[in-house]
file run36.csv (CSV, C-alpha atoms)
chain,number,residue,atom,x,y,z
A,1,MET,CA,0.0,0.0,0.0
A,2,GLU,CA,1.3,3.4,-1.0
A,3,GLU,CA,2.0,5.9,1.8
A,4,ARG,CA,-0.8,8.2,0.7
A,5,ASP,CA,-3.3,5.4,0.8
A,6,LYS,CA,-2.0,4.2,4.1
A,7,LEU,CA,-2.5,7.7,5.7
A,8,VAL,CA,-6.0,7.9,4.4
A,9,CYS,CA,-6.8,4.5,5.9
A,10,LEU,CA,-5.2,5.5,9.2
A,11,ALA,CA,-7.1,8.7,9.3
A,12,LYS,CA,-10.4,6.8,8.8
A,13,LEU,CA,-9.4,4.4,11.6
A,14,ALA,CA,-8.6,7.2,13.9
A,15,GLU,CA,-11.9,8.9,13.2
A,16,GLN,CA,-13.8,5.7,14.0
A,17,ALA,CA,-11.8,5.3,17.2
A,18,GLU,CA,-12.5,9.0,18.0
A,19,ARG,CA,-8.8,9.7,18.3
A,20,TYR,CA,-8.9,13.0,16.5
A,21,ASP,CA,-5.4,14.2,17.5
A,22,ASP,CA,-4.0,11.2,15.7
A,23,MET,CA,-6.3,11.9,12.8
A,24,VAL,CA,-4.9,15.4,12.5
A,25,GLU,CA,-1.3,14.1,12.5
A,26,PHE,CA,-2.1,11.6,9.7
A,27,MET,CA,-3.8,14.3,7.5
A,28,LYS,CA,-1.0,16.8,8.2
A,29,LYS,CA,1.5,14.2,6.9
A,30,LEU,CA,-0.7,13.7,3.8
A,31,ALA,CA,-0.9,17.4,3.2
A,32,ARG,CA,2.8,17.8,3.5
A,33,MET,CA,3.2,15.3,0.6
A,34,ASP,CA,2.2,18.3,-1.5
A,35,VAL,CA,-0.6,16.6,-3.5
A,36,ASP,CA,-3.8,17.9,-4.9
A,37,MET,CA,-6.2,16.3,-2.4
A,38,SER,CA,-9.1,14.2,-3.6
A,39,ALA,CA,-12.7,14.9,-2.3
A,40,GLU,CA,-12.3,12.2,0.3
A,41,GLU,CA,-8.9,13.4,1.5
A,42,ARG,CA,-9.9,17.1,1.8
A,43,ILE,CA,-13.0,16.1,3.9
A,44,LEU,CA,-10.9,13.9,6.2
A,45,PHE,CA,-8.5,16.8,6.5
A,46,SER,CA,-11.3,19.2,7.5
A,47,VAL,CA,-13.0,16.7,9.8
A,48,ALA,CA,-9.8,16.1,11.7
A,49,PHE,CA,-9.2,19.7,12.6
A,50,LYS,CA,-12.9,20.4,13.1
A,51,HIS,CA,-13.1,17.8,15.9
A,52,THR,CA,-10.0,19.1,17.6
A,53,ILE,CA,-11.1,22.7,17.6
A,54,GLY,CA,-14.8,22.1,18.0
A,55,ALA,CA,-14.7,21.0,21.6
A,56,LYS,CA,-12.4,23.9,22.5
A,57,ARG,CA,-14.7,26.4,20.9
A,58,ALA,CA,-17.6,24.9,22.9
A,59,SER,CA,-15.5,25.1,26.1
A,60,TRP,CA,-14.7,28.7,25.4
A,61,ARG,CA,-18.3,29.6,25.0
A,62,ILE,CA,-19.2,27.9,28.3
A,63,ILE,CA,-16.4,29.5,30.2
A,64,SER,CA,-17.3,32.9,28.8
A,65,SER,CA,-20.9,32.4,29.9
A,66,LEU,CA,-19.7,31.5,33.4
A,67,GLU,CA,-17.4,34.5,33.4
A,68,GLN,CA,-20.3,36.9,32.9
A,69,GLN,CA,-21.9,35.6,36.0
A,70,ASP,CA,-19.1,36.9,38.2
A,71,THR,CA,-17.9,40.4,39.0
A,72,PRO,CA,-14.3,41.3,37.9
A,73,SER,CA,-13.2,41.6,41.6
A,74,ASP,CA,-14.5,38.1,42.4
A,75,LYS,CA,-11.7,35.6,42.9
A,76,THR,CA,-13.7,33.0,41.0
A,77,GLY,CA,-14.0,35.5,38.2
A,78,VAL,CA,-10.2,35.9,38.1
A,79,MET,CA,-9.7,32.2,37.9
A,80,ILE,CA,-12.3,31.8,35.2
A,81,ASP,CA,-10.6,34.6,33.2
A,82,ALA,CA,-7.2,32.8,33.5
A,83,TYR,CA,-8.7,29.5,32.4
A,84,LYS,CA,-10.4,31.1,29.5
A,85,LYS,CA,-7.1,32.6,28.3
A,86,LYS,CA,-5.6,29.1,28.5
A,87,VAL,CA,-8.3,27.8,26.2
A,88,GLU,CA,-7.8,30.8,23.9
A,89,ASP,CA,-4.1,29.9,23.6
A,90,GLU,CA,-5.0,26.4,22.6
A,91,LEU,CA,-7.6,27.7,20.0
A,92,ARG,CA,-5.0,30.1,18.6
A,93,LYS,CA,-2.5,27.3,18.2
A,94,ILE,CA,-4.8,25.1,16.3
A,95,CYS,CA,-6.1,27.9,14.1
A,96,ASN,CA,-2.6,29.0,13.2
A,97,GLU,CA,-1.5,25.4,12.5
A,98,VAL,CA,-4.3,24.7,10.1
A,99,LEU,CA,-3.9,28.1,8.4
A,100,SER,CA,-0.3,27.4,7.9
A,101,VAL,CA,-0.9,24.0,6.4
A,102,ILE,CA,-3.5,25.4,4.0
A,103,ALA,CA,-1.3,28.2,2.9
A,104,ILE,CA,1.8,26.2,2.3
A,105,HIS,CA,0.5,22.8,1.2
A,106,CYS,CA,-3.1,22.9,0.2
A,107,LEU,CA,-3.9,26.0,-1.8
A,108,PRO,CA,-0.7,26.0,-3.9
A,109,LEU,CA,-1.6,22.4,-5.0
A,110,ALA,CA,-5.3,23.0,-5.5
A,111,ASN,CA,-6.1,22.6,-9.2
A,112,SER,CA,-9.8,22.1,-9.4
A,113,GLY,CA,-12.4,24.8,-8.7
A,114,GLU,CA,-13.9,22.6,-5.9
A,115,ASN,CA,-10.5,22.4,-4.1
A,116,VAL,CA,-9.8,26.1,-4.4
A,117,VAL,CA,-13.2,27.0,-3.1
A,118,PHE,CA,-13.0,24.4,-0.3
A,119,PHE,CA,-9.6,25.5,1.0
A,120,TYR,CA,-10.3,29.3,0.7
A,121,LYS,CA,-13.6,28.7,2.5
A,122,MET,CA,-11.7,26.7,5.2
A,123,LYS,CA,-9.2,29.5,5.5
A,124,GLY,CA,-12.1,32.0,6.1
A,125,ASP,CA,-13.5,29.7,8.7
A,126,TYR,CA,-10.4,29.4,10.8
A,127,TYR,CA,-9.7,33.2,10.7
A,128,ARG,CA,-13.3,33.6,11.8
A,129,TYR,CA,-12.7,31.2,14.7
A,130,LEU,CA,-9.7,33.4,15.7
A,131,ALA,CA,-11.9,36.5,15.5
A,132,GLU,CA,-14.5,34.9,17.8
A,133,PHE,CA,-12.3,35.2,20.9
A,134,SER,CA,-9.8,37.9,19.9
A,135,ALA,CA,-10.0,41.6,20.7
A,136,GLY,CA,-8.6,44.9,19.4
A,137,THR,CA,-6.2,44.8,16.5
A,138,GLU,CA,-5.9,41.0,16.6
A,139,LYS,CA,-9.7,40.7,16.1
A,140,LYS,CA,-9.6,43.3,13.3
A,141,ALA,CA,-6.7,41.4,11.5
A,142,ALA,CA,-8.4,38.0,11.8
A,143,SER,CA,-11.7,39.5,10.6
A,144,ASP,CA,-10.1,41.1,7.6
A,145,GLN,CA,-8.3,37.9,6.6
A,146,SER,CA,-11.5,35.9,7.0
A,147,LEU,CA,-13.4,38.4,4.8
A,148,MET,CA,-10.8,38.3,2.1
A,149,ALA,CA,-10.7,34.5,2.1
A,150,TYR,CA,-14.5,34.2,1.9
A,151,GLN,CA,-14.6,36.8,-0.8
A,152,HIS,CA,-12.0,35.0,-2.9
A,153,ALA,CA,-13.8,31.7,-2.5
A,154,MET,CA,-17.1,33.4,-3.6
A,155,VAL,CA,-15.5,34.8,-6.7
A,156,VAL,CA,-14.1,31.4,-7.7
A,157,ALA,CA,-17.3,29.6,-6.8
A,158,SER,CA,-19.3,32.0,-9.0
A,159,THR,CA,-17.4,30.8,-12.1
A,160,GLU,CA,-16.4,27.3,-11.3
A,161,LEU,CA,-19.4,25.8,-9.3
A,162,SER,CA,-23.1,25.8,-10.1
A,163,PRO,CA,-25.3,27.8,-7.7
A,164,ALA,CA,-26.7,24.6,-6.3
A,165,HIS,CA,-23.4,22.9,-5.7
A,166,GLN,CA,-23.1,21.9,-2.1
A,167,ILE,CA,-19.7,23.4,-1.6
A,168,ARG,CA,-20.9,26.8,-3.0
A,169,LEU,CA,-24.0,26.6,-0.8
A,170,GLY,CA,-21.9,25.7,2.2
A,171,LEU,CA,-19.6,28.6,1.5
A,172,ALA,CA,-22.6,31.0,1.3
A,173,LEU,CA,-23.9,29.6,4.6
A,174,ASN,CA,-20.6,30.2,6.5
A,175,PHE,CA,-20.0,33.6,4.8
A,176,SER,CA,-23.5,34.7,6.0
A,177,VAL,CA,-22.6,33.5,9.6
A,178,PHE,CA,-19.4,35.5,9.4
A,179,PHE,CA,-21.4,38.7,8.6
A,180,TYR,CA,-24.0,37.9,11.3
A,181,GLU,CA,-21.7,37.0,14.2
A,182,ILE,CA,-18.3,38.6,13.5
A,183,MET,CA,-19.2,41.8,11.5
A,184,ASN,CA,-22.6,42.2,13.3
A,185,SER,CA,-24.0,43.0,9.8
A,186,HIS,CA,-27.3,41.3,10.1
A,187,GLU,CA,-28.8,42.7,6.9
A,188,ARG,CA,-25.8,41.6,4.9
A,189,ALA,CA,-26.0,38.1,6.4
A,190,CYS,CA,-29.6,37.9,5.3
A,191,GLN,CA,-28.7,39.1,1.8
A,192,VAL,CA,-26.0,36.5,1.3
A,193,ALA,CA,-28.2,33.7,2.5
A,194,LYS,CA,-31.2,34.8,0.4
A,195,GLN,CA,-29.2,35.2,-2.7
A,196,ALA,CA,-27.7,31.7,-2.3
A,197,ILE,CA,-31.2,30.3,-1.7
A,198,ASP,CA,-32.7,32.0,-4.7
A,199,GLU,CA,-29.9,31.1,-7.1
A,200,GLY,CA,-29.8,27.5,-5.8
A,201,ASN,CA,-33.6,27.1,-6.2
A,202,THR,CA,-33.4,28.4,-9.8
A,203,GLU,CA,-30.7,25.9,-10.7
A,204,ILE,CA,-32.4,23.0,-8.9
A,205,LYS,CA,-35.7,23.6,-10.7
A,206,SER,CA,-33.8,23.8,-14.0
A,207,ALA,CA,-31.8,20.7,-13.6
A,208,GLY,CA,-34.3,18.6,-11.6
A,209,GLU,CA,-34.1,18.0,-7.8
A,210,GLY,CA,-32.5,14.6,-8.2
A,211,VAL,CA,-29.4,16.1,-9.7
A,212,TYR,CA,-28.6,18.1,-6.5
A,213,LYS,CA,-30.0,15.8,-3.8
A,214,ASP,CA,-26.8,16.2,-1.8
A,215,SER,CA,-27.4,20.0,-1.6
A,216,ALA,CA,-30.8,19.7,0.1
A,217,LEU,CA,-29.3,19.9,3.6
A,218,MET,CA,-27.4,23.0,2.8
A,219,MET,CA,-30.5,24.7,1.4
A,220,GLN,CA,-32.4,23.8,4.5
A,221,PHE,CA,-29.8,25.3,6.8
A,222,LEU,CA,-29.7,28.5,4.7
A,223,ARG,CA,-33.5,28.7,5.0
A,224,ASP,CA,-33.4,28.1,8.7
A,225,ASN,CA,-30.9,30.8,9.3
A,226,LEU,CA,-32.6,33.3,7.1
A,227,ALA,CA,-35.9,32.7,8.9
A,228,LEU,CA,-34.3,33.1,12.3
A,229,TRP,CA,-32.3,36.2,11.3
A,230,THR,CA,-35.3,37.8,9.6
A,231,SER,CA,-37.3,37.1,12.8
A,232,GLU,CA,-34.6,38.7,14.9
A,233,LEU,CA,-34.5,41.8,12.8
A,234,ALA,CA,-38.2,42.1,13.4
A,235,GLY,CA,-37.7,41.7,17.1
A,236,GLY,CA,-38.1,38.0,17.4
A,237,GLU,CA,-36.3,35.2,19.2
A,238,ALA,CA,-32.6,35.4,20.3
A,239,SER,CA,-29.8,34.3,18.0
A,240,LYS,CA,-28.5,30.7,17.9
A,241,ASP,CA,-25.1,29.5,16.8
A,242,THR,CA,-25.9,27.9,13.4
A,243,ASP,CA,-22.4,27.7,12.0
A,244,ILE,CA,-21.7,24.4,10.2
A,245,ASP,CA,-19.3,23.3,7.6
A,246,MET,CA,-20.2,22.8,4.0
A,247,GLU,CA,-19.9,19.3,2.7
A,248,VAL,CA,-22.1,16.3,3.3
A,249,ARG,CA,-20.0,13.2,3.2
A,250,CYS,CA,-21.2,10.8,0.6
A,251,LEU,CA,-18.1,8.6,1.1
A,252,CYS,CA,-17.3,5.4,3.0
A,253,LEU,CA,-17.7,7.2,6.4
A,254,CYS,CA,-21.0,8.9,5.8
A,255,SER,CA,-22.3,11.4,8.4
A,256,GLU,CA,-24.4,14.5,8.6
A,257,LEU,CA,-23.6,18.2,9.1
A,258,VAL,CA,-25.5,19.8,11.9
A,259,PRO,CA,-25.5,23.3,13.6
A,260,LEU,CA,-24.8,23.5,17.3
A,261,ALA,CA,-28.5,24.2,17.9
A,262,LYS,CA,-29.3,20.7,16.6
A,263,LEU,CA,-26.5,18.7,18.3
A,264,HIS,CA,-28.9,17.5,20.9
A,265,ALA,CA,-31.1,15.9,18.2
A,266,LEU,CA,-28.5,14.7,15.7
A,267,LYS,CA,-25.2,13.0,16.3
A,268,THR,CA,-22.4,13.9,13.9
A,269,SER,CA,-18.8,12.8,13.4
A,270,GLN,CA,-17.9,15.5,11.0
A,271,TYR,CA,-18.3,19.2,11.3
A,272,MET,CA,-19.4,21.9,13.7
call {"tool": "encode", "arguments": {"input": "run36.csv", "output": "structure tokens"}}
result
Amino acid sequence: MEERDKLVCLAKLAEQAERYDDMVEFMKKLARMDVDMSAEERILFSVAFKHTIGAKRASWRIISSLEQQDTPSDKTGVMIDAYKKKVEDELRKICNEVLSVIAIHCLPLANSGENVVFFYKMKGDYYRYLAEFSAGTEKKAASDQSLMAYQHAMVVASTELSPAHQIRLGLALNFSVFFYEIMNSHERACQVAKQAIDEGNTEIKSAGEGVYKDSALMMQFLRDNLALWTSELAGGEASKDTDIDMEVRCLCLCSELVPLAKLHALKTSQYM
């Protein structure tokens, strides 16, 4: 068995065993072989890092919520703040690591439109994760880098992928989340989501629903977000974290993509 195939098999095994740190190491080794990743490989690469950072992002949100319950002078509040900074350092390390691998080994070798969009979208995601917990100039820099990555991915997607392609829809989904949560531009978030829905619907009707059956989940998440955000703009219910990643796995390790708001109802082994 060739080394590349061996690393893919080991990554799948690590995922099934829920040893995601090992999975990251296997996929980093594959990326450093400087190959144009297949669809299966790029998803395994994304899954590995998503699991490692997903739990830490959730931990940061919980700690931040607890921190708000204490006054700055409270000793417990001081300890919580110190612990939150520890988690932030771990988050920063993971984000910088994946961004470095993408910049050096993934994007330079990406030849297909799908891979270019996938990795620029992933770049936008991890800069967005940095912006989630950063402040001041660091937050501004991460936000700017995230915006540029998403915009580049959108430009490529508009010419290389159909409006109903699941990667293009997933990109629009996370780009709209970026506007809503990081830029606090709720109207722009709604515009991005609505445009993706409208263009996707037109393409699906033209080609037939069976052609784009794998895009149905993305379309539903876009609709859910748009309905929620429109309600909020009109004074409705509070916001929920609906960030997910873009690609439904139709490979040997099939799983679903779910937003955090639905994790209690659906179990996923892929994205957050």
call {"tool": "closest_residue", "arguments": {"input": "run36.csv", "among": "A:Ala141, A:Leu130, A:Met37, A:Met148", "to": "A:Ile102", "atoms": "all atoms listed in the file"}}
result
A:Met37
call {"tool": "atom_distance", "arguments": {"input": "run36.csv", "atom1": "atom CA of A:Asn174", "atom2": "atom CA of A:Phe221"}}
result
10.4 Å
call {"tool": "closest_residue", "arguments": {"input": "run36.csv", "among": "A:Val47, A:Ile62, A:Ala39, A:Ile182", "to": "A:Ser112", "atoms": "all atoms listed in the file"}}
result
A:Ala39
call {"tool": "atom_distance", "arguments": {"input": "run36.csv", "atom1": "atom CA of A:His51", "atom2": "atom CA of A:Glu18"}}
result
9.1 Å
call {"tool": "residues_around", "arguments": {"input": "run36.csv", "residues": "A:Ala131", "least_positions_apart": "3", "cutoff": "7 Å", "atoms": "all atoms listed in the file", "output": "ChimeraX atom specification"}}
result
/A:127-128,134,139,142-143
call {"tool": "residues_around", "arguments": {"input": "run36.csv", "residues": "A:Ala234", "least_positions_apart": "5", "cutoff": "12 Å", "atoms": "all atoms listed in the file", "output": "ChimeraX atom specification"}}
result
/A:186-187,227-229
call {"tool": "residues_around", "arguments": {"input": "run36.csv", "residues": "A:Leu10", "least_positions_apart": "4", "cutoff": "12 Å", "atoms": "only C-alpha atoms", "output": "list in words"}}
result
Met1, Glu3, Arg4, Asp5, Lys6, Ala14, Glu15, Gln16, Ala17, Glu18, Arg19, Tyr20, Asp22, Met23, Val24, Glu25, Phe26, Met27, Lys29, Leu30, Glu41, Leu44 and Ala48 of chain A
call {"tool": "residues_around", "arguments": {"input": "run36.csv", "residues": "A:Phe118", "least_positions_apart": "4", "cutoff": "12 Å", "atoms": "all atoms listed in the file", "output": "short mmCIF file (atom, residue, chain, number, x, y, z; two decimals) with C-alpha atoms, in the frame of the given file"}}
result
data_model
loop_
_atom_site.label_atom_id
_atom_site.label_comp_id
_atom_site.auth_asym_id
_atom_site.auth_seq_id
_atom_site.Cartn_x
_atom_site.Cartn_y
_atom_site.Cartn_z
CA MET A 37 -6.20 16.30 -2.40
CA SER A 38 -9.10 14.20 -3.60
CA ALA A 39 -12.70 14.90 -2.30
CA GLU A 41 -8.90 13.40 1.50
CA ARG A 42 -9.90 17.10 1.80
CA ILE A 43 -13.00 16.10 3.90
CA PHE A 45 -8.50 16.80 6.50
CA SER A 46 -11.30 19.20 7.50
CA ILE A 102 -3.50 25.40 4.00
CA CYS A 106 -3.10 22.90 0.20
CA LEU A 107 -3.90 26.00 -1.80
CA ALA A 110 -5.30 23.00 -5.50
CA ASN A 111 -6.10 22.60 -9.20
CA SER A 112 -9.80 22.10 -9.40
CA GLY A 113 -12.40 24.80 -8.70
CA GLU A 114 -13.90 22.60 -5.90
CA MET A 122 -11.70 26.70 5.20
CA LYS A 123 -9.20 29.50 5.50
CA GLY A 124 -12.10 32.00 6.10
CA ASP A 125 -13.50 29.70 8.70
CA ALA A 149 -10.70 34.50 2.10
CA TYR A 150 -14.50 34.20 1.90
CA HIS A 152 -12.00 35.00 -2.90
CA ALA A 153 -13.80 31.70 -2.50
CA MET A 154 -17.10 33.40 -3.60
CA VAL A 156 -14.10 31.40 -7.70
CA ALA A 157 -17.30 29.60 -6.80
CA GLU A 160 -16.40 27.30 -11.30
CA LEU A 161 -19.40 25.80 -9.30
CA HIS A 165 -23.40 22.90 -5.70
CA GLN A 166 -23.10 21.90 -2.10
CA ILE A 167 -19.70 23.40 -1.60
CA ARG A 168 -20.90 26.80 -3.00
CA LEU A 169 -24.00 26.60 -0.80
CA GLY A 170 -21.90 25.70 2.20
CA LEU A 171 -19.60 28.60 1.50
CA ALA A 172 -22.60 31.00 1.30
CA ASN A 174 -20.60 30.20 6.50
CA ASP A 245 -19.30 23.30 7.60
CA MET A 246 -20.20 22.80 4.00
CA GLU A 247 -19.90 19.30 2.70
#
call {"tool": "atom_distance", "arguments": {"input": "run36.csv", "atom1": "atom CA of A:Val87", "atom2": "atom CA of A:Glu132"}}
result
12.6 Å
call {"tool": "closest_residue", "arguments": {"input": "run36.csv", "among": "A:Cys9, A:Met33, A:Met183, A:Ala82", "to": "A:Leu109", "atoms": "only C-alpha atoms"}}
result
A:Met33
